[in-house]
$ cat input-v8.csv   # CSV, C-alpha atoms and all ligand atoms
chain,number,residue,atom,x,y,z
A,1,MET,CA,283.9,35.4,-72.7
A,2,ASP,CA,287.2,33.7,-71.9
A,3,LEU,CA,286.3,31.6,-68.8
A,4,SER,CA,289.5,29.5,-68.6
A,5,ALA,CA,290.8,31.1,-65.4
A,6,TYR,CA,287.6,30.3,-63.6
A,7,ILE,CA,287.5,26.8,-65.0
A,8,GLN,CA,291.0,26.4,-63.6
A,9,TRP,CA,289.8,27.6,-60.1
A,10,LEU,CA,286.8,25.2,-60.3
A,11,ARG,CA,289.0,22.3,-61.4
A,12,SER,CA,291.4,22.9,-58.6
A,13,GLY,CA,288.6,22.6,-56.0
A,14,GLU,CA,287.9,26.3,-55.4
A,15,VAL,CA,284.6,28.2,-55.3
A,16,VAL,CA,283.7,30.8,-57.9
A,17,ALA,CA,280.8,33.3,-57.8
A,18,ILE,CA,278.7,32.9,-61.0
A,19,PRO,CA,276.0,35.0,-62.6
A,20,THR,CA,272.6,33.5,-63.2
A,21,GLU,CA,269.3,35.1,-64.3
A,22,THR,CA,267.9,34.9,-60.8
A,23,VAL,CA,270.7,35.8,-58.3
A,24,TYR,CA,274.5,35.3,-58.2
A,25,GLY,CA,275.5,31.8,-57.1
A,26,LEU,CA,278.5,30.6,-55.1
A,27,GLY,CA,279.5,27.7,-57.4
A,28,ALA,CA,281.6,24.6,-57.0
A,29,SER,CA,282.2,21.6,-59.4
A,30,ILE,CA,280.1,18.7,-58.2
A,31,ALA,CA,283.2,16.6,-58.8
A,32,SER,CA,285.0,18.2,-55.9
A,33,GLU,CA,283.8,17.5,-52.4
A,34,ALA,CA,286.5,19.8,-51.1
A,35,ALA,CA,285.0,22.6,-53.2
A,36,ILE,CA,281.5,21.8,-52.1
A,37,LEU,CA,282.6,22.0,-48.4
A,38,LYS,CA,284.1,25.4,-49.2
A,39,ILE,CA,280.6,26.6,-50.2
A,40,PHE,CA,279.3,25.8,-46.8
A,41,GLU,CA,282.3,27.4,-45.1
A,42,THR,CA,282.2,30.5,-47.1
A,43,LYS,CA,278.4,30.9,-46.6
A,44,GLN,CA,278.6,29.9,-43.0
A,45,ARG,CA,275.7,27.6,-43.9
A,46,PRO,CA,274.7,24.4,-42.1
A,47,LEU,CA,275.5,21.2,-43.9
A,48,SER,CA,271.9,20.1,-43.5
A,49,ASN,CA,270.8,22.7,-46.2
A,50,PRO,CA,271.0,21.1,-49.6
A,51,LEU,CA,272.4,22.8,-52.7
A,52,ILE,CA,271.0,23.3,-56.2
A,53,VAL,CA,272.9,21.5,-58.9
A,54,HIS,CA,273.0,23.5,-62.1
A,55,VAL,CA,273.1,21.6,-65.4
A,56,ASP,CA,273.2,22.9,-69.0
A,57,SER,CA,270.1,21.2,-70.3
A,58,PRO,CA,267.0,19.2,-69.1
A,59,ASP,CA,268.7,16.2,-71.0
A,60,ALA,CA,271.0,16.0,-68.0
A,61,PHE,CA,268.2,15.5,-65.4
A,62,SER,CA,268.0,11.7,-66.0
A,63,LYS,CA,271.7,11.5,-65.3
A,64,TYR,CA,271.5,13.0,-61.8
A,65,ALA,CA,268.0,11.8,-60.8
A,66,THR,CA,266.8,8.2,-60.7
A,67,ALA,CA,263.3,9.1,-61.8
A,68,VAL,CA,262.0,12.1,-63.7
A,69,PRO,CA,258.3,12.5,-63.9
A,70,GLU,CA,256.8,13.4,-67.3
A,71,ALA,CA,255.5,16.6,-65.6
A,72,VAL,CA,259.1,17.8,-65.1
A,73,TYR,CA,259.7,17.5,-68.9
A,74,GLN,CA,256.5,19.4,-69.6
A,75,LEU,CA,257.6,22.2,-67.3
A,76,ALA,CA,261.2,22.1,-68.6
A,77,ALA,CA,259.9,22.4,-72.2
A,78,LYS,CA,258.3,25.7,-71.2
A,79,PHE,CA,260.6,27.1,-68.5
A,80,CYS,CA,264.1,25.8,-69.0
A,81,PRO,CA,266.5,27.4,-69.1
A,82,GLY,CA,264.9,29.5,-66.5
A,83,PRO,CA,264.1,30.2,-62.8
A,84,ILE,CA,262.7,26.8,-61.8
A,85,SER,CA,264.5,24.0,-59.8
A,86,PHE,CA,263.2,20.5,-59.7
A,87,VAL,CA,263.5,18.3,-56.5
A,88,LEU,CA,263.9,14.7,-57.7
A,89,PRO,CA,265.2,11.4,-56.3
A,90,ALA,CA,269.0,11.7,-56.3
A,91,ALA,CA,271.3,9.5,-58.4
A,92,PRO,CA,273.6,7.4,-56.2
A,93,SER,CA,276.7,9.0,-58.0
A,94,LEU,CA,276.0,12.4,-56.3
A,95,SER,CA,278.0,13.5,-53.3
A,96,PRO,CA,275.8,13.3,-50.1
A,97,LEU,CA,277.2,16.8,-49.4
A,98,LEU,CA,274.9,18.2,-52.1
A,99,LEU,CA,271.8,16.7,-50.6
A,100,GLY,CA,271.9,17.9,-47.0
A,101,GLY,CA,271.0,14.5,-45.6
A,102,GLN,CA,268.0,14.0,-47.9
A,103,THR,CA,267.6,11.5,-50.7
A,104,THR,CA,266.5,14.1,-53.3
A,105,VAL,CA,268.5,16.5,-55.4
A,106,ALA,CA,267.4,19.9,-56.7
A,107,LEU,CA,268.3,20.4,-60.4
A,108,ARG,CA,268.1,23.6,-62.4
A,109,VAL,CA,269.1,24.9,-65.9
A,110,PRO,CA,270.1,28.6,-65.4
A,111,ASN,CA,269.2,31.1,-68.1
A,112,HIS,CA,272.4,32.9,-68.3
A,113,PRO,CA,274.9,32.5,-71.2
A,114,ILE,CA,278.0,32.6,-68.9
A,115,ALA,CA,276.6,30.0,-66.4
A,116,LEU,CA,275.8,27.7,-69.3
A,117,GLN,CA,279.1,28.2,-71.0
A,118,LEU,CA,280.9,27.5,-67.6
A,119,ILE,CA,279.0,24.3,-67.0
A,120,ARG,CA,279.7,23.1,-70.6
A,121,GLU,CA,283.4,24.0,-70.6
A,122,LEU,CA,283.9,22.5,-67.1
A,123,GLY,CA,282.2,19.4,-68.3
A,124,THR,CA,280.4,18.9,-65.0
A,125,PRO,CA,277.4,20.5,-63.3
A,126,ILE,CA,277.9,23.3,-60.8
A,127,ALA,CA,276.4,23.2,-57.3
A,128,ALA,CA,275.5,26.7,-56.2
A,129,PRO,CA,273.5,28.3,-53.4
A,130,SER,CA,272.9,32.1,-53.6
A,131,ALA,CA,276.2,34.0,-53.2
A,132,ASN,CA,275.4,35.7,-49.9
A,133,ARG,CA,276.1,35.1,-46.2
A,134,TYR,CA,273.6,32.7,-44.6
A,135,LYS,CA,270.2,34.3,-44.2
A,136,GLY,CA,271.4,37.6,-45.7
A,137,LEU,CA,270.2,39.5,-48.8
A,138,SER,CA,270.8,37.7,-52.1
A,139,ALA,CA,273.2,39.4,-54.5
A,140,THR,CA,272.1,40.5,-58.0
A,141,THR,CA,275.3,42.2,-59.1
A,142,ALA,CA,279.0,41.1,-58.9
A,143,HIS,CA,279.5,44.2,-56.8
A,144,ALA,CA,277.0,43.0,-54.2
A,145,VAL,CA,278.8,39.6,-54.1
A,146,ALA,CA,282.1,41.4,-53.5
A,147,LEU,CA,280.6,43.4,-50.6
A,148,ALA,CA,279.1,40.4,-48.9
A,149,MET,CA,282.1,38.1,-49.5
A,150,PRO,CA,285.3,40.2,-50.0
A,151,GLU,CA,287.4,37.1,-49.7
A,152,LEU,CA,286.2,35.9,-53.1
A,153,LYS,CA,287.9,38.9,-54.8
A,154,ASP,CA,289.2,37.7,-58.3
A,155,ARG,CA,286.8,34.7,-58.2
A,156,ILE,CA,283.7,36.6,-59.0
A,157,ILE,CA,282.5,36.4,-62.7
A,158,ASP,CA,280.8,39.6,-63.6
A,159,GLY,CA,277.9,38.8,-65.8
A,160,GLY,CA,276.0,42.0,-65.3
A,161,ARG,CA,272.8,42.4,-63.3
A,162,CYS,CA,270.6,39.4,-62.9
A,163,SER,CA,267.6,39.8,-65.2
A,164,ALA,CA,265.0,38.1,-63.1
A,165,GLY,CA,266.2,39.2,-59.7
A,166,VAL,CA,264.4,36.7,-57.4
A,167,GLU,CA,265.5,33.1,-56.8
A,168,SER,CA,264.2,30.1,-58.7
A,169,THR,CA,260.9,28.5,-57.8
A,170,ILE,CA,261.5,25.1,-56.2
A,171,ILE,CA,259.1,22.4,-57.1
A,172,GLY,CA,258.9,18.7,-56.3
A,173,PHE,CA,256.3,15.9,-56.5
A,174,GLU,CA,254.6,14.1,-53.7
A,175,GLN,CA,252.4,11.2,-54.8
A,176,ASN,CA,252.3,12.9,-58.2
A,177,THR,CA,251.0,16.1,-56.8
A,178,PRO,CA,253.2,19.1,-57.7
A,179,VAL,CA,254.4,20.8,-54.5
A,180,ILE,CA,256.1,24.2,-54.4
A,181,TYR,CA,258.7,24.5,-51.6
A,182,ARG,CA,259.8,28.0,-52.4
A,183,MET,CA,258.1,30.7,-54.4
A,184,GLY,CA,260.3,32.3,-57.1
A,185,GLY,CA,260.6,33.5,-60.7
A,186,ILE,CA,257.9,31.1,-62.1
A,187,THR,CA,254.5,31.6,-60.5
A,188,ASN,CA,252.2,28.8,-59.4
A,189,VAL,CA,249.6,30.0,-62.0
A,190,GLN,CA,252.2,29.6,-64.8
A,191,ILE,CA,252.9,26.0,-63.5
A,192,GLU,CA,249.2,25.1,-63.2
A,193,GLU,CA,248.7,26.3,-66.8
A,194,VAL,CA,251.3,23.9,-68.1
A,195,LEU,CA,250.3,20.9,-65.9
A,196,ASN,CA,246.5,21.4,-65.9
A,197,GLN,CA,246.5,20.5,-62.3
A,198,PRO,CA,246.5,22.5,-59.0
A,199,VAL,CA,249.8,22.9,-57.2
A,200,VAL,CA,250.2,22.7,-53.5
A,201,TYR,CA,252.4,25.3,-51.7
A,202,LYS,CA,254.3,24.1,-48.7
A,203,GLY,CA,256.5,27.0,-48.0
A,204,HIS,CA,255.9,27.5,-44.3
A,205,ALA,CA,258.6,26.8,-41.7
A,206,THR,CA,258.5,23.3,-40.2
A,207,GLY,CA,260.8,21.4,-37.9
A,208,ASN,CA,263.1,20.2,-40.8
A,209,PRO,CA,262.4,22.5,-43.7
A,210,LYS,CA,262.9,20.9,-47.1
A,211,ALA,CA,264.2,24.2,-48.4
A,212,PRO,CA,266.1,26.7,-46.3
A,213,GLY,CA,264.2,29.4,-48.0
A,214,MET,CA,261.3,28.0,-46.0
A,215,GLN,CA,262.8,29.1,-42.7
A,216,LEU,CA,261.1,32.2,-41.5
A,217,ARG,CA,264.2,34.4,-41.0
A,218,HIS,CA,265.9,34.6,-44.4
A,219,TYR,CA,266.7,37.2,-47.1
A,220,ALA,CA,267.3,39.7,-44.4
A,221,PRO,CA,269.1,43.1,-44.7
A,222,GLU,CA,271.4,44.2,-41.9
A,223,THR,CA,268.9,46.9,-40.9
A,224,PRO,CA,265.8,45.8,-39.1
A,225,MET,CA,263.0,45.8,-41.6
A,226,VAL,CA,259.2,46.4,-41.2
A,227,VAL,CA,256.9,45.4,-44.0
A,228,ALA,CA,253.5,47.2,-44.2
A,229,ASN,CA,250.6,47.7,-46.4
A,230,GLN,CA,250.0,51.3,-45.1
A,231,LEU,CA,253.4,52.8,-45.5
A,232,ALA,CA,252.6,56.4,-44.4
A,233,GLN,CA,251.0,55.1,-41.2
A,234,VAL,CA,254.0,53.0,-40.2
A,235,VAL,CA,256.4,55.8,-41.1
A,236,ASN,CA,254.5,58.1,-38.8
A,237,GLN,CA,254.7,55.6,-36.0
A,238,LEU,CA,258.4,54.9,-36.4
A,239,ALA,CA,259.5,58.6,-36.7
A,240,PRO,CA,261.7,60.3,-35.5
A,241,ALA,CA,263.8,57.2,-36.1
A,242,LYS,CA,265.9,57.5,-39.4
A,243,LEU,CA,263.9,55.6,-42.0
A,244,ALA,CA,264.7,54.1,-45.5
A,245,VAL,CA,261.6,53.4,-47.5
A,246,LEU,CA,261.1,50.8,-50.2
A,247,SER,CA,257.8,51.5,-51.9
A,248,PHE,CA,256.1,49.7,-54.8
A,249,ARG,CA,255.0,52.5,-57.1
A,250,GLN,CA,255.1,55.9,-55.4
A,251,THR,CA,257.3,57.9,-53.1
A,252,ILE,CA,256.0,59.2,-49.9
A,253,SER,CA,257.4,62.2,-48.0
A,254,HIS,CA,258.3,62.6,-44.3
A,255,PRO,CA,261.2,64.4,-42.6
A,256,SER,CA,262.4,61.1,-41.1
A,257,ILE,CA,263.0,59.5,-44.4
A,258,ILE,CA,266.7,59.6,-45.2
A,259,ALA,CA,266.6,57.2,-48.3
A,260,GLN,CA,263.8,56.0,-50.6
A,261,GLU,CA,263.5,53.7,-53.6
A,262,ILE,CA,260.6,52.6,-55.8
A,263,LEU,CA,260.4,49.0,-57.0
A,264,SER,CA,258.4,49.8,-60.2
A,265,PRO,CA,256.8,53.2,-61.0
A,266,SER,CA,254.6,51.5,-63.6
A,267,GLY,CA,253.5,48.8,-61.2
A,268,SER,CA,255.2,45.9,-63.0
A,269,ASP,CA,255.8,42.8,-60.8
A,270,GLN,CA,258.7,41.8,-63.1
A,271,GLU,CA,260.5,45.1,-62.7
A,272,ALA,CA,259.8,44.9,-58.9
A,273,ALA,CA,261.5,41.5,-58.8
A,274,PHE,CA,264.4,42.7,-60.8
A,275,GLN,CA,264.9,45.6,-58.4
A,276,LEU,CA,264.1,43.9,-55.1
A,277,TYR,CA,267.5,42.9,-53.7
A,278,HIS,CA,269.4,45.6,-55.5
A,279,LEU,CA,267.3,48.4,-53.9
A,280,LEU,CA,267.2,46.7,-50.5
A,281,GLY,CA,271.0,46.6,-50.6
A,282,LYS,CA,271.1,50.3,-51.4
A,283,LEU,CA,268.7,51.2,-48.6
A,284,ASP,CA,270.7,49.0,-46.2
A,285,ALA,CA,273.9,50.8,-47.2
A,286,ALA,CA,272.3,54.2,-46.2
A,287,GLN,CA,272.3,52.9,-42.6
A,288,PRO,CA,268.9,53.9,-41.4
A,289,ASP,CA,267.4,52.8,-38.1
A,290,PHE,CA,264.7,50.9,-39.9
A,291,ILE,CA,263.8,49.9,-43.5
A,292,VAL,CA,260.1,50.2,-44.2
A,293,ALA,CA,259.0,48.1,-47.2
A,294,GLU,CA,255.6,48.1,-48.8
A,295,TRP,CA,253.6,44.9,-49.2
A,296,LEU,CA,252.8,44.3,-52.9
A,297,PRO,CA,249.6,43.1,-54.5
A,298,GLU,CA,249.7,39.3,-54.2
A,299,GLN,CA,249.6,38.8,-57.9
A,300,GLY,CA,252.1,37.2,-60.3
A,301,LEU,CA,255.6,37.7,-58.8
A,302,GLY,CA,254.2,39.9,-56.1
A,303,ALA,CA,253.5,36.8,-54.0
A,304,ALA,CA,257.2,35.7,-54.2
A,305,ILE,CA,258.4,39.2,-53.5
A,306,ASN,CA,256.1,39.5,-50.5
A,307,ASP,CA,257.4,36.1,-49.3
A,308,LYS,CA,261.0,37.4,-49.4
A,309,LEU,CA,260.1,40.6,-47.7
A,310,ARG,CA,258.1,38.8,-44.9
A,311,ARG,CA,261.0,36.5,-44.2
A,312,GLY,CA,263.5,39.3,-44.2
A,313,ALA,CA,261.4,41.5,-41.9
A,314,GLU,CA,261.2,41.8,-38.1
A,315,ARG,CA,257.6,42.6,-38.3
A,316,VAL,CA,254.7,42.7,-40.8
A,317,ILE,CA,252.1,45.3,-40.1
A,318,PHE,CA,248.7,45.2,-41.7
B,401,LIG,O1,267.8,31.0,-58.2
B,401,LIG,C1,268.3,30.1,-57.5
B,401,LIG,O2,267.7,29.1,-57.1
B,401,LIG,C2,269.7,30.5,-56.9
B,401,LIG,C3,270.7,30.5,-58.1
B,401,LIG,C4,272.1,30.7,-57.7
B,401,LIG,O3,270.5,29.3,-58.8
B,401,LIG,N1,270.1,29.5,-55.9
B,401,LIG,C5,269.6,29.5,-54.7
B,401,LIG,O4,270.2,28.6,-53.8
B,401,LIG,O5,268.7,30.3,-54.3
B,401,LIG,P1,269.9,28.6,-52.3
B,401,LIG,O6,270.9,27.6,-51.7
B,401,LIG,O7,270.1,29.9,-51.7
B,401,LIG,O8,268.5,28.0,-52.2
B,401,LIG,C6,268.3,26.7,-52.7
B,401,LIG,C7,267.1,26.1,-52.2
B,401,LIG,C8,267.1,25.9,-50.7
B,401,LIG,O9,265.9,26.4,-50.2
B,401,LIG,C9,267.3,24.4,-50.6
B,401,LIG,O10,266.9,23.9,-49.4
B,401,LIG,C10,266.5,23.9,-51.8
B,401,LIG,O11,266.9,24.8,-52.8
B,401,LIG,N2,267.0,22.6,-52.1
B,401,LIG,C11,268.1,22.2,-52.6
B,401,LIG,N3,268.2,20.9,-52.6
B,401,LIG,C12,267.0,20.4,-52.2
B,401,LIG,C13,266.5,19.1,-52.0
B,401,LIG,N4,267.2,18.1,-52.3
B,401,LIG,N5,265.2,19.0,-51.5
B,401,LIG,C14,264.6,20.1,-51.2
B,401,LIG,N6,265.0,21.4,-51.4
B,401,LIG,C15,266.2,21.5,-51.8
B,402,MG,MG,269.7,31.7,-50.7

$ encode --input "input-v8.csv" --output "structure tokens"
Amino acid sequence: MDLSAYIQWLRSGEVVAIPTETVYGLGASIASEAAILKIFETKQRPLSNPLIVHVDSPDAFSKYATAVPEAVYQLAAKFCPGPISFVLPAAPSLSPLLLGGQTTVALRVPNHPIALQLIRELGTPIAAPSANRYKGLSATTAHAVALAMPELKDRIIDGGRCSAGVESTIIGFEQNTPVIYRMGGITNVQIEEVLNQPVVYKGHATGNPKAPGMQLRHYAPETPMVVANQLAQVVNQLAPAKLAVLSFRQTISHPSIIAQEILSPSGSDQEAAFQLYHLLGKLDAAQPDFIVAEWLPEQGLGAAINDKLRRGAERVIF
């Protein structure tokens, strides 16, 4: 693909929406502080929320981090390029705007040919949060980016639908213990298998969350959403309100349901992740009074999907 027009935008200090395998990113060259500031403006995101820096290979980690534990290279050998971001001590050359007031940087190698080509041809890493308004649903198509951020218009690179569909897993190390700050495309079981060591999950909201994805309200559709493990019961309770239902494997029927989508008829957690934001966006567009989403089995990517649903919901009903 000829990316020269987008490279020009990035070089001139503009933001460009880029495809990755997880979700679309709102990218800026890390060499332009003006462009990095535009990410925060465009997303209406507080400066205290740090950005992920996208590099083209794990070989670049040691350039942007002052120390890279051996465990990171073990994980990178298995999962990079892929949906995992590493929180590491930041090199002094990095703009503080990328770090949100912290001394660490999040580094990731995206598994998308266009993203990798763009980083290589630009010759500098690309900082990118997800390409959505602050706290809104993440975008997994160029069309969803355009709907959320119409002002980007001709600065959205269409790389097709994101293959993974949920964000990267964010992992750091505290006294050599692997700590997951955000669940995502690589599960803690996969990480434990590589490291032969238990991982700690610290994803709950605290005073100053390490990762914005830790804040409770996040990944939210416009429509108030309820997450439930007994769909039919909650649908009965909410009727006669107009309902849009997101179920895991099977449809349910009720006269109040005006729209309905299934994450994975075969019960695949990967397919469910692939469909999650896409189908939530469709249900949101149907303008129901409520979205009712089904809680998934907490296995594999199910845990990450449930985490996004829980954070996007007004209520979780068990
Ligand atoms: O899959 C993804 O990670 C996507 C694509 C575009 O790469 N990006 C993404 O970015 O989800 P964003 O900004 O929506 O979420 C980035 C997460 C945030 O929770 C942020 O706080 C965390 O990464 N993060 C970034 N830098 C960090 C740091 N230095 N320490 C701790 N967490 C950090
Ligand atoms: Mg995000």

$ closest_residue --input "input-v8.csv" --among "A:Gln270, A:Gln190, A:Asn111, A:Gln102" --to "Ile305 (chain A)" --atoms "only C-alpha atoms"
A:Gln270

$ residues_near_ligand --input "input-v8.csv" --ligand "ligand MG 402 (chain B)" --cutoff "9 Å" --atoms "all atoms listed in the file" --output "NGL selection string"
:A and (23 or 25 or 129-138 or 167 or 212-213 or 218-219)

$ atom_distance --input "input-v8.csv" --atom1 "CA of Ser57 (chain A)" --atom2 "atom O3 of ligand LIG 401 (chain B)"
14.1 Å

$ closest_atom_pairs --input "input-v8.csv" --of "chain A" --to "ligand LIG 401 (chain B)" --cutoff "7 Å" --atoms "only C-alpha atoms and all ligand atoms" --output "tab-separated table"
residue	atom	partner	partner_atom	distance
A:Thr20	CA	B:LIG401	C4	6.2
A:Thr22	CA	B:LIG401	O1	4.7
A:Val23	CA	B:LIG401	C3	5.3
A:Tyr24	CA	B:LIG401	C4	5.2
A:Gly25	CA	B:LIG401	C4	3.6
A:Leu26	CA	B:LIG401	C4	6.9
A:Asn49	CA	B:LIG401	O10	5.2
A:Pro50	CA	B:LIG401	N3	4.1
A:Leu51	CA	B:LIG401	C11	4.3
A:Ile52	CA	B:LIG401	C11	4.8
A:Pro83	CA	B:LIG401	O1	6.0
A:Ser85	CA	B:LIG401	O2	6.6
A:Val87	CA	B:LIG401	N5	5.3
A:Leu99	CA	B:LIG401	N4	5.1
A:Gln102	CA	B:LIG401	N4	6.1
A:Thr103	CA	B:LIG401	N4	6.8
A:Thr104	CA	B:LIG401	N4	4.2
A:Val105	CA	B:LIG401	N4	3.7
A:Ala106	CA	B:LIG401	N3	4.3
A:Pro110	CA	B:LIG401	O3	6.6
A:Ala128	CA	B:LIG401	C4	5.5
A:Pro129	CA	B:LIG401	O6	3.2
A:Ser130	CA	B:LIG401	O7	4.0
A:Ala131	CA	B:LIG401	C4	6.9
A:Val166	CA	B:LIG401	O1	6.7
A:Glu167	CA	B:LIG401	O1	3.4
A:Ser168	CA	B:LIG401	O1	3.7
A:Thr169	CA	B:LIG401	O2	6.9
A:Ile170	CA	B:LIG401	O11	6.4
A:Arg182	CA	B:LIG401	O9	6.7
A:Lys210	CA	B:LIG401	C14	4.5
A:Ala211	CA	B:LIG401	O10	2.9
A:Pro212	CA	B:LIG401	O9	3.9
A:Gly213	CA	B:LIG401	O9	4.1
A:Met214	CA	B:LIG401	O9	6.4

$ residues_around --input "input-v8.csv" --residues "Thr187 (chain A)" --least-positions-apart "5" --cutoff "10 Å" --atoms "all atoms listed in the file" --output "PyMOL selection string"
chain A and resi 83-84+168-169+180+192+299-304

$ write_last_selection --input "input-v8.csv" --atoms "C-alpha atoms" --output "JSON list (two decimals), in the coordinates of the input"
[["chain", "number", "residue", "atom", "x", "y", "z"],
["A", 83, "PRO", "CA", 264.10, 30.20, -62.80],
["A", 84, "ILE", "CA", 262.70, 26.80, -61.80],
["A", 168, "SER", "CA", 264.20, 30.10, -58.70],
["A", 169, "THR", "CA", 260.90, 28.50, -57.80],
["A", 180, "ILE", "CA", 256.10, 24.20, -54.40],
["A", 192, "GLU", "CA", 249.20, 25.10, -63.20],
["A", 299, "GLN", "CA", 249.60, 38.80, -57.90],
["A", 300, "GLY", "CA", 252.10, 37.20, -60.30],
["A", 301, "LEU", "CA", 255.60, 37.70, -58.80],
["A", 302, "GLY", "CA", 254.20, 39.90, -56.10],
["A", 303, "ALA", "CA", 253.50, 36.80, -54.00],
["A", 304, "ALA", "CA", 257.20, 35.70, -54.20]]

$ residues_near_point --input "input-v8.csv" --point "(248.7, 51.5, -45.6)" --cutoff "10 Å" --atoms "all atoms listed in the file" --output "list of chain:residue names"
A:Ala228, A:Asn229, A:Gln230, A:Leu231, A:Ala232, A:Gln233, A:Val234, A:Val235, A:Glu294, A:Trp295, A:Ile317, A:Phe318

$ closest_residue --input "input-v8.csv" --among "A:Leu147, A:Asp154, A:Glu314, A:Ala241" --to "Ala220 (chain A)" --atoms "only C-alpha atoms"
A:Glu314

$ residues_around --input "input-v8.csv" --residues "Thr42 (chain A)" --least-positions-apart "3" --cutoff "12 Å" --atoms "all atoms listed in the file" --output "PyMOL selection string"
chain A and resi 14-17+26-28+35-39+45-47+128-134+145+148-152

$ atom_distance --input "input-v8.csv" --atom1 "CA of Arg311 (chain A)" --atom2 "CA of Ala139 (chain A)"
16.2 Å

$ closest_residue --input "input-v8.csv" --among "A:Ile186, A:Val292, A:Ala239, A:Ala286" --to "Gly165 (chain A)" --atoms "only C-alpha atoms"
A:Ile186

$ residues_around --input "input-v8.csv" --residues "region 67-76 of chain A" --least-positions-apart "6" --cutoff "8 Å" --atoms "all atoms listed in the file" --output "list of chain:residue names"
A:Pro58, A:Phe61, A:Phe86, A:Leu88, A:Pro89, A:Ile191, A:Val194, A:Leu195

$ atom_distance --input "input-v8.csv" --atom1 "CA of Ile156 (chain A)" --atom2 "CA of Ala144 (chain A)"
10.4 Å

$ closest_residue --input "input-v8.csv" --among "A:Glu193, A:Glu261, A:Lys202, A:Pro92" --to "Phe173 (chain A)" --atoms "only C-alpha atoms"
A:Lys202

$ closest_residue --input "input-v8.csv" --among "A:Ala34, A:Leu309, A:Val199, A:Ala293" --to "Leu243 (chain A)" --atoms "all atoms listed in the file"
A:Ala293

$ decode --input "input-v8.csv" --residues "region 151-155 of chain A" --atoms "all heavy atoms" --output "JSON list (two decimals), in the first residue's frame"
[["chain", "number", "residue", "atom", "x", "y", "z"],
["A", 151, "GLU", "N", -13.94, 14.48, 12.12],
["A", 151, "GLU", "CA", -12.96, 15.49, 11.74],
["A", 151, "GLU", "C", -11.68, 14.88, 11.16],
["A", 151, "GLU", "O", -10.87, 15.57, 10.54],
["A", 151, "GLU", "CB", -12.64, 16.43, 12.91],
["A", 151, "GLU", "CG", -11.85, 15.81, 14.06],
["A", 151, "GLU", "CD", -12.72, 15.11, 15.11],
["A", 151, "GLU", "OE1", -13.79, 14.57, 14.78],
["A", 151, "GLU", "OE2", -12.29, 15.10, 16.29],
["A", 152, "LEU", "N", -11.48, 13.57, 11.35],
["A", 152, "LEU", "CA", -10.26, 12.93, 10.80],
["A", 152, "LEU", "C", -10.37, 12.70, 9.29],
["A", 152, "LEU", "O", -9.35, 12.60, 8.60],
["A", 152, "LEU", "CB", -9.99, 11.59, 11.49],
["A", 152, "LEU", "CG", -9.54, 11.63, 12.94],
["A", 152, "LEU", "CD1", -9.37, 10.21, 13.47],
["A", 152, "LEU", "CD2", -8.25, 12.40, 13.11],
["A", 153, "LYS", "N", -11.59, 12.54, 8.81],
["A", 153, "LYS", "CA", -11.90, 12.34, 7.37],
["A", 153, "LYS", "C", -10.84, 11.59, 6.58],
["A", 153, "LYS", "O", -10.73, 10.37, 6.67],
["A", 153, "LYS", "CB", -12.16, 13.69, 6.71],
["A", 153, "LYS", "CG", -13.55, 14.24, 6.99],
["A", 153, "LYS", "CD", -13.78, 15.57, 6.27],
["A", 153, "LYS", "CE", -12.74, 16.58, 6.69],
["A", 153, "LYS", "NZ", -13.10, 17.94, 6.81],
["A", 154, "ASP", "N", -10.02, 12.33, 5.81],
["A", 154, "ASP", "CA", -9.05, 11.67, 4.91],
["A", 154, "ASP", "C", -7.77, 11.24, 5.61],
["A", 154, "ASP", "O", -6.80, 10.88, 4.96],
["A", 154, "ASP", "CB", -8.72, 12.61, 3.73],
["A", 154, "ASP", "CG", -8.40, 14.00, 4.21],
["A", 154, "ASP", "OD1", -8.65, 14.30, 5.41],
["A", 154, "ASP", "OD2", -7.90, 14.81, 3.41],
["A", 155, "ARG", "N", -7.77, 11.27, 6.94],
["A", 155, "ARG", "CA", -6.58, 10.82, 7.67],
["A", 155, "ARG", "C", -6.84, 9.52, 8.43],
["A", 155, "ARG", "O", -6.30, 9.28, 9.49],
["A", 155, "ARG", "CB", -6.11, 11.93, 8.60],
["A", 155, "ARG", "CG", -5.37, 13.02, 7.82],
["A", 155, "ARG", "CD", -4.91, 14.15, 8.70],
["A", 155, "ARG", "NE", -6.03, 14.94, 9.16],
["A", 155, "ARG", "CZ", -6.27, 15.24, 10.44],
["A", 155, "ARG", "NH1", -5.47, 14.82, 11.39],
["A", 155, "ARG", "NH2", -7.32, 15.97, 10.76]]
